[in-house]
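Novice: Please read through the structure below; I'll follow up with questions.
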Amino acid sequence: MSVFNSSALYPRFLLTGLSGLESRYGLISLPIFLVYATSTAGNITILFIIRTEPSLHQPMYYFLSMLALTDLGLSTTTLPTMLGVFWFHAREISFNACLVQMYFIHVFSIIESAVLLAMAFDRLVAIREPLRYATILTNDVIIGIALVIAGRALALVFPASFLLKKLQYHPVNVLSYPFCLHQDLIKTTVSSRRVSSIYGLMVVICSMGLDSVLLLLSYILILGTVLSIASMTERMKALNTCISHICAVLTFYTPMIGLSMIHRYGKHASPIVHVLMANVYLLVPPFMNPIVYSVKTKQIRDRILKKFKQQKV
């Protein structure tokens, strides 16, 4: 009994890569590393351009900076264990380290969802109240929004980690992914998981569920405002300011919904499908967002090209 208690207090967790493809891990890790390197360089470039260009010190670009910082945090939190599995076959992770990684993955995911909602609010104000845009979204308001976004994520996820800490586990637990997620850790417990499962569901509903509903409402209001504009040219101009944001929303929510569907209904699907979907969910948004905003946002694109030209000179 004492041995079991000791194992329950200090359980071991084994991360899982792509089962059956261990001999190809070196090759598989190459695109993962390239995606991470590209997303890191892209998001740092976005932050640098916004920081050094006074003309971009506007609410829209402050929110874009928040998105870039969140993407950096999400990819950096995930990458160490992923590359540890694929490069060094280092599957074992301590319980506390697993909880820390899980905490920050979910915190950054909730923050990203909220930042996308804040960006939708920014577009709504810009289109519905263009003359009052600067007076509504002042620096103090933006700082307040940022603090609320971060505070909500930190407060929502902490009890989930605390509840997991109180559960008992097998001495050795095999996880489904090369990183730690709440829904994956819950499956390994040997004690009642009811409270943790219910709280996890409540966190999802109160964060991403609520954010997605408000996002949809924001775009309904935006569309209503745009359709009330008499000039077709002005309509297209207004909608064009939302294209990058819509792409970011789809890039974030589509893999998340896919992962949820696979987790809920794909019990007989190959483990490789589960791992691939989880990797797409955590790696694709930080990779795609700087590309989308660099290509579709003229102000960002022009400033980046200007910096490259200055470097050549």
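Order determines the names: the first chain of the structure tokens is A, the second B, and so forth; residues in each chain are numbered 1 upward, and ligands are numbered 1 upward as they are shown.
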Wanna dump the segment 169-231 of chain A-segment 143-163 of chain A contacts at 12 Å for me, each residue with its shortest atom pair and the distance in Å to one decimal, counting only C-alpha atoms, ordered by chain and number, as a Markdown table?

Specialist:
| residue | atom | partner | partner_atom | distance |
| --- | --- | --- | --- | --- |
| A:Cys180 | CA | A:Ser161 | CA | 11.6 |
| A:Leu181 | CA | A:Ser161 | CA | 10.6 |
| A:His182 | CA | A:Ala160 | CA | 7.9 |
| A:Gln183 | CA | A:Ala160 | CA | 10.6 |
| A:Leu185 | CA | A:Ser161 | CA | 10.2 |
| A:Ile186 | CA | A:Leu163 | CA | 10.0 |
| A:Thr189 | CA | A:Leu163 | CA | 11.5 |
| A:Ser191 | CA | A:Leu163 | CA | 11.6 |
| A:Ser192 | CA | A:Leu163 | CA | 11.0 |
| A:Arg193 | CA | A:Leu163 | CA | 9.1 |
| A:Arg194 | CA | A:Leu163 | CA | 10.5 |
| A:Val195 | CA | A:Leu163 | CA | 7.9 |
| A:Ser196 | CA | A:Leu163 | CA | 6.0 |
| A:Ser197 | CA | A:Ala160 | CA | 9.0 |
| A:Ile198 | CA | A:Ala160 | CA | 10.0 |
| A:Tyr199 | CA | A:Ala160 | CA | 6.9 |
| A:Gly200 | CA | A:Ala160 | CA | 6.6 |
| A:Leu201 | CA | A:Ala160 | CA | 10.3 |
| A:Met202 | CA | A:Leu156 | CA | 9.2 |
| A:Val203 | CA | A:Leu156 | CA | 6.2 |
| A:Val204 | CA | A:Leu156 | CA | 9.4 |
| A:Ile205 | CA | A:Leu156 | CA | 11.0 |
| A:Cys206 | CA | A:Leu156 | CA | 8.7 |
| A:Ser207 | CA | A:Ala153 | CA | 8.0 |
| A:Met208 | CA | A:Ala153 | CA | 10.5 |
| A:Asp211 | CA | A:Ile149 | CA | 11.1 |

Novice: Take the selection from the previous step and output its residues with N, CA, C and O atoms, as a tab-separated table (two decimals), in the first residue's frame.

Specialist:
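Result written to again_37.tsv:
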chain	number	residue	atom	x	y	z
A	180	CYS	N	1.22	17.80	-22.79
A	180	CYS	CA	0.20	17.50	-21.78
A	180	CYS	C	-1.03	18.38	-21.96
A	180	CYS	O	-0.92	19.61	-22.01
A	181	LEU	N	-2.20	17.74	-22.06
A	181	LEU	CA	-3.48	18.43	-22.15
A	181	LEU	C	-4.39	17.94	-21.04
A	181	LEU	O	-4.29	16.80	-20.59
A	182	HIS	N	-5.30	18.80	-20.60
A	182	HIS	CA	-6.18	18.48	-19.49
A	182	HIS	C	-7.00	17.24	-19.76
A	182	HIS	O	-7.09	16.33	-18.92
A	183	GLN	N	-7.63	17.15	-20.94
A	183	GLN	CA	-8.50	16.02	-21.24
A	183	GLN	C	-7.72	14.70	-21.33
A	183	GLN	O	-8.28	13.63	-21.11
A	185	LEU	N	-4.84	14.09	-19.43
A	185	LEU	CA	-4.45	13.73	-18.07
A	185	LEU	C	-5.61	13.11	-17.30
A	185	LEU	O	-5.42	12.17	-16.52
A	186	ILE	N	-6.81	13.63	-17.51
A	186	ILE	CA	-7.98	13.11	-16.80
A	186	ILE	C	-8.19	11.62	-17.09
A	186	ILE	O	-8.58	10.86	-16.21
A	189	THR	N	-6.37	8.96	-14.71
A	189	THR	CA	-6.60	8.87	-13.26
A	189	THR	C	-7.30	7.58	-12.87
A	189	THR	O	-8.09	7.02	-13.65
A	191	SER	N	-8.82	7.53	-9.74
A	191	SER	CA	-9.85	7.97	-8.79
A	191	SER	C	-10.96	8.67	-9.57
A	191	SER	O	-10.89	8.83	-10.79
A	192	SER	N	-11.98	9.09	-8.87
A	192	SER	CA	-13.13	9.73	-9.52
A	192	SER	C	-12.71	11.02	-10.22
A	192	SER	O	-12.08	11.89	-9.61
A	193	ARG	N	-13.09	11.14	-11.47
A	193	ARG	CA	-12.72	12.31	-12.27
A	193	ARG	C	-13.91	13.24	-12.52
A	193	ARG	O	-13.82	14.18	-13.30
A	194	ARG	N	-15.02	12.98	-11.88
A	194	ARG	CA	-16.26	13.70	-12.17
A	194	ARG	C	-16.11	15.22	-11.99
A	194	ARG	O	-16.46	16.00	-12.88
A	195	VAL	N	-15.58	15.63	-10.84
A	195	VAL	CA	-15.46	17.07	-10.56
A	195	VAL	C	-14.51	17.73	-11.57
A	195	VAL	O	-14.82	18.80	-12.11
A	196	SER	N	-13.38	17.09	-11.83
A	196	SER	CA	-12.42	17.65	-12.78
A	196	SER	C	-13.00	17.74	-14.19
A	196	SER	O	-12.79	18.73	-14.90
A	197	SER	N	-13.75	16.73	-14.58
A	197	SER	CA	-14.36	16.73	-15.91
A	197	SER	C	-15.39	17.83	-16.04
A	197	SER	O	-15.43	18.55	-17.06
A	198	ILE	N	-16.23	17.97	-15.01
A	198	ILE	CA	-17.26	19.01	-15.04
A	198	ILE	C	-16.62	20.39	-15.06
A	198	ILE	O	-17.03	21.28	-15.83
A	199	TYR	N	-15.58	20.58	-14.24
A	199	TYR	CA	-14.93	21.89	-14.22
A	199	TYR	C	-14.25	22.18	-15.55
A	199	TYR	O	-14.31	23.32	-16.05
A	200	GLY	N	-13.61	21.17	-16.14
A	200	GLY	CA	-12.98	21.36	-17.44
A	200	GLY	C	-13.98	21.79	-18.50
A	200	GLY	O	-13.71	22.67	-19.33
A	201	LEU	N	-15.17	21.16	-18.46
A	201	LEU	CA	-16.23	21.53	-19.40
A	201	LEU	C	-16.69	22.97	-19.16
A	201	LEU	O	-16.91	23.74	-20.11
A	202	MET	N	-16.81	23.35	-17.89
A	202	MET	CA	-17.23	24.71	-17.56
A	202	MET	C	-16.21	25.75	-18.04
A	202	MET	O	-16.58	26.83	-18.50
A	203	VAL	N	-14.93	25.40	-17.93
A	203	VAL	CA	-13.88	26.31	-18.41
A	203	VAL	C	-14.02	26.54	-19.91
A	203	VAL	O	-13.95	27.68	-20.39
A	204	VAL	N	-14.24	25.46	-20.65
A	204	VAL	CA	-14.40	25.58	-22.10
A	204	VAL	C	-15.61	26.43	-22.45
A	204	VAL	O	-15.56	27.31	-23.32
A	205	ILE	N	-16.73	26.20	-21.75
A	205	ILE	CA	-17.96	26.96	-22.03
A	205	ILE	C	-17.78	28.44	-21.69
A	205	ILE	O	-18.20	29.32	-22.45
A	206	CYS	N	-17.14	28.72	-20.55
A	206	CYS	CA	-16.99	30.10	-20.09
A	206	CYS	C	-15.89	30.86	-20.82
A	206	CYS	O	-15.79	32.08	-20.68
A	207	SER	N	-15.07	30.17	-21.57
A	207	SER	CA	-14.00	30.85	-22.30
A	207	SER	C	-14.25	30.78	-23.80
A	207	SER	O	-14.84	31.69	-24.39
A	208	MET	N	-13.84	29.70	-24.42
A	208	MET	CA	-13.94	29.61	-25.87
A	208	MET	C	-15.39	29.52	-26.35
A	208	MET	O	-15.72	30.05	-27.41
A	211	ASP	N	-16.67	33.07	-26.03
A	211	ASP	CA	-15.97	33.91	-27.00
A	211	ASP	C	-16.49	33.68	-28.41
A	211	ASP	O	-16.67	34.63	-29.19

Novice: Please identify which residues in segment 66-291 of chain A DSSP calls strand (DSSP E or B) from the backbone, and express them as an NGL selection string.

Specialist: :A and (92-94 or 169 or 172-174 or 189)

Novice: With all heavy atoms kept, could you save the residues just selected as a PDB file, in the first residue's frame?

Specialist:
ATOM      1  N   GLU A  92       9.516  10.477 -21.126  1.00  0.00           N
ATOM      2  CA  GLU A  92       9.102  10.623 -19.727  1.00  0.00           C
ATOM      3  C   GLU A  92       9.069  12.084 -19.297  1.00  0.00           C
ATOM      4  O   GLU A  92       9.952  12.880 -19.627  1.00  0.00           O
ATOM      5  CB  GLU A  92      10.038   9.839 -18.818  1.00  0.00           C
ATOM      6  CG  GLU A  92       9.583   9.844 -17.360  1.00  0.00           C
ATOM      7  CD  GLU A  92      10.391   8.891 -16.487  1.00  0.00           C
ATOM      8  OE1 GLU A  92      11.079   8.002 -17.050  1.00  0.00           O
ATOM      9  OE2 GLU A  92      10.335   9.039 -15.258  1.00  0.00           O
ATOM     10  N   ILE A  93       8.037  12.432 -18.545  1.00  0.00           N
ATOM     11  CA  ILE A  93       7.902  13.772 -17.992  1.00  0.00           C
ATOM     12  C   ILE A  93       7.315  13.645 -16.589  1.00  0.00           C
ATOM     13  O   ILE A  93       6.442  12.804 -16.340  1.00  0.00           O
ATOM     14  CB  ILE A  93       6.992  14.656 -18.886  1.00  0.00           C
ATOM     15  CG1 ILE A  93       6.930  16.098 -18.342  1.00  0.00           C
ATOM     16  CG2 ILE A  93       5.598  14.082 -19.029  1.00  0.00           C
ATOM     17  CD1 ILE A  93       6.233  17.073 -19.284  1.00  0.00           C
ATOM     18  N   SER A  94       7.810  14.435 -15.659  1.00  0.00           N
ATOM     19  CA  SER A  94       7.313  14.364 -14.288  1.00  0.00           C
ATOM     20  C   SER A  94       5.902  14.943 -14.210  1.00  0.00           C
ATOM     21  O   SER A  94       5.476  15.713 -15.079  1.00  0.00           O
ATOM     22  CB  SER A  94       8.243  15.129 -13.347  1.00  0.00           C
ATOM     23  OG  SER A  94       8.158  16.517 -13.594  1.00  0.00           O
ATOM     24  N   TYR A 169      -3.181   8.478  -9.623  1.00  0.00           N
ATOM     25  CA  TYR A 169      -2.840   7.994 -10.956  1.00  0.00           C
ATOM     26  C   TYR A 169      -2.119   6.660 -10.851  1.00  0.00           C
ATOM     27  O   TYR A 169      -1.653   6.262  -9.774  1.00  0.00           O
ATOM     28  CB  TYR A 169      -1.948   9.007 -11.682  1.00  0.00           C
ATOM     29  CG  TYR A 169      -2.585  10.370 -11.835  1.00  0.00           C
ATOM     30  CD1 TYR A 169      -2.485  11.327 -10.808  1.00  0.00           C
ATOM     31  CD2 TYR A 169      -3.296  10.706 -12.973  1.00  0.00           C
ATOM     32  CE1 TYR A 169      -3.066  12.574 -10.936  1.00  0.00           C
ATOM     33  CE2 TYR A 169      -3.897  11.954 -13.099  1.00  0.00           C
ATOM     34  CZ  TYR A 169      -3.782  12.877 -12.081  1.00  0.00           C
ATOM     35  OH  TYR A 169      -4.367  14.095 -12.201  1.00  0.00           O
ATOM     36  N   VAL A 172       2.714   4.438 -13.711  1.00  0.00           N
ATOM     37  CA  VAL A 172       3.175   4.870 -15.033  1.00  0.00           C
ATOM     38  C   VAL A 172       1.949   5.128 -15.906  1.00  0.00           C
ATOM     39  O   VAL A 172       1.065   4.272 -16.006  1.00  0.00           O
ATOM     40  CB  VAL A 172       4.081   3.814 -15.702  1.00  0.00           C
ATOM     41  CG1 VAL A 172       4.517   4.297 -17.084  1.00  0.00           C
ATOM     42  CG2 VAL A 172       5.299   3.530 -14.837  1.00  0.00           C
ATOM     43  N   ASN A 173       1.885   6.299 -16.519  1.00  0.00           N
ATOM     44  CA  ASN A 173       0.715   6.686 -17.304  1.00  0.00           C
ATOM     45  C   ASN A 173       1.151   7.100 -18.707  1.00  0.00           C
ATOM     46  O   ASN A 173       2.052   7.930 -18.865  1.00  0.00           O
ATOM     47  CB  ASN A 173      -0.002   7.865 -16.637  1.00  0.00           C
ATOM     48  CG  ASN A 173      -0.375   7.564 -15.191  1.00  0.00           C
ATOM     49  OD1 ASN A 173      -1.421   7.032 -14.892  1.00  0.00           O
ATOM     50  ND2 ASN A 173       0.536   7.925 -14.268  1.00  0.00           N
ATOM     51  N   VAL A 174       0.511   6.511 -19.701  1.00  0.00           N
ATOM     52  CA  VAL A 174       0.840   6.818 -21.097  1.00  0.00           C
ATOM     53  C   VAL A 174      -0.160   7.843 -21.630  1.00  0.00           C
ATOM     54  O   VAL A 174      -1.370   7.601 -21.630  1.00  0.00           O
ATOM     55  CB  VAL A 174       0.810   5.550 -21.972  1.00  0.00           C
ATOM     56  CG1 VAL A 174       1.137   5.899 -23.421  1.00  0.00           C
ATOM     57  CG2 VAL A 174       1.790   4.513 -21.441  1.00  0.00           C
ATOM     58  N   THR A 189      -6.373   8.962 -14.706  1.00  0.00           N
ATOM     59  CA  THR A 189      -6.598   8.873 -13.262  1.00  0.00           C
ATOM     60  C   THR A 189      -7.301   7.579 -12.872  1.00  0.00           C
ATOM     61  O   THR A 189      -8.087   7.019 -13.648  1.00  0.00           O
ATOM     62  CB  THR A 189      -7.429  10.081 -12.776  1.00  0.00           C
ATOM     63  OG1 THR A 189      -7.596  10.008 -11.368  1.00  0.00           O
ATOM     64  CG2 THR A 189      -8.793  10.102 -13.438  1.00  0.00           C
TER      65      THR A 189
END

Novice: Do a neighbour search on segment 248-250 of chain A at 9 Å with only C-alpha atoms, toss out local chain neighbours closer than 5 positions, and write the hits as a list of chain:residue names.

Specialist: A:Ser113, A:Leu116, A:Leu117, A:Leu215, A:Ile243, A:Pro255, A:Pro285, A:Met288, A:Asn289, A:Val292, A:Tyr293

Novice: Under the rule of at most 7 Å, produce a per-residue listing of segment 26-127 of chain A near segment 217-223 of chain A: chain, number, name, the closest pair of atoms, and the distance in Å, as CSV, using only C-alpha atoms.

Specialist:
residue,atom,partner,partner_atom,distance
A:Ala120,CA,A:Ser218,CA,6.4
A:Phe121,CA,A:Ser218,CA,6.6
A:Leu124,CA,A:Ile222,CA,5.6
A:Ile127,CA,A:Ile222,CA,7.0

Novice: I need the residues from that last selection saved to file as a tab-separated table (two decimals), in the first residue's frame (with all heavy atoms), if you can.

Specialist:
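What follows is the written file out18.tsv:
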chain	number	residue	atom	x	y	z
A	120	ALA	N	-12.22	41.41	-32.86
A	120	ALA	CA	-13.53	41.54	-33.50
A	120	ALA	C	-14.24	42.80	-32.98
A	120	ALA	O	-14.87	43.54	-33.76
A	120	ALA	CB	-14.38	40.30	-33.23
A	121	PHE	N	-14.12	43.06	-31.68
A	121	PHE	CA	-14.70	44.27	-31.10
A	121	PHE	C	-14.04	45.51	-31.69
A	121	PHE	O	-14.73	46.51	-31.99
A	121	PHE	CB	-14.52	44.25	-29.57
A	121	PHE	CG	-14.99	45.49	-28.89
A	121	PHE	CD1	-16.34	45.81	-28.83
A	121	PHE	CD2	-14.08	46.36	-28.29
A	121	PHE	CE1	-16.78	46.98	-28.20
A	121	PHE	CE2	-14.51	47.51	-27.66
A	121	PHE	CZ	-15.86	47.82	-27.62
A	124	LEU	N	-15.52	46.05	-35.03
A	124	LEU	CA	-16.90	46.50	-34.88
A	124	LEU	C	-16.96	48.00	-34.59
A	124	LEU	O	-17.73	48.74	-35.21
A	124	LEU	CB	-17.59	45.72	-33.77
A	124	LEU	CG	-19.04	46.11	-33.42
A	124	LEU	CD1	-19.95	45.90	-34.62
A	124	LEU	CD2	-19.53	45.32	-32.22
A	127	ILE	N	-15.90	50.11	-37.67
A	127	ILE	CA	-16.86	50.16	-38.76
A	127	ILE	C	-18.15	50.88	-38.36
A	127	ILE	O	-18.70	51.66	-39.13
A	127	ILE	CB	-17.17	48.73	-39.27
A	127	ILE	CG1	-15.93	48.15	-39.95
A	127	ILE	CG2	-18.36	48.72	-40.23
A	127	ILE	CD1	-16.05	46.68	-40.32

Novice: Measure the distance from atom CA of Ile291 of chain A to atom CA of Gly73 of chain A in Å and round it to one decimal.

Specialist: 17.3 Å

Novice: Can you tell me, as number ranges by chain, what residues are no more than 7 Å from Phe95 of chain A when counting only C-alpha atoms, ignoring any on the same chain fewer than 2 positions away?

Specialist: A: 10-13, 93, 97-99

Novice: Using only C-alpha atoms, pick whichever of A:Ile246, A:Ile142, A:Leu27, A:Leu305 has the shortest atom-to-atom distance to Phe63 of chain A.

Specialist: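 Among A:Ile246, A:Ile142, A:Leu27, A:Leu305, it is A:Ile142 that comes nearest to Phe63 of chain A.
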
Novice: Using atom CA of His57 of chain A and atom CA of Asn139 of chain A as the two end points, give the distance in Å to one decimal.

Specialist: 9.8 Å

Novice: Run DSSP on the backbone and grab whatever in segment 17-216 of chain A lands in alpha helix (DSSP H); send it over as an MDAnalysis selection string.

Specialist: chainID A and resid 25:52 59:88 95:128 133:136 139:166 182:187 194:204 210:216

Novice: Phe88 of chain A: which residues within 12 Å, counting only C-alpha atoms, same-chain residues fewer than 3 positions away excluded, as an MDAnalysis selection string?

Specialist: chainID A and resid 17 22:23 25:26 29 80:85 91:92

Novice: Counting only C-alpha atoms, which of A:Ile32, A:Leu67, A:Leu131, A:Ala126 gets nearest to Ile111 of chain A?

Specialist: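 Residue with the minimum atom-to-atom distance to Ile111 of chain A: A:Leu67.
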
Novice: Closest to Leu210 of chain A among A:Val280, A:Arg123, A:Thr251, A:Ile110, using only C-alpha atoms?

Specialist: A:Ile110

Novice: Give the answer as one residue: which of A:Leu175, A:Leu47, A:Ile105, A:Leu227 has the shortest atom-to-atom distance to His274 of chain A, using only C-alpha atoms?

Specialist: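 Smallest distance to His274 of chain A is found for A:Leu175.
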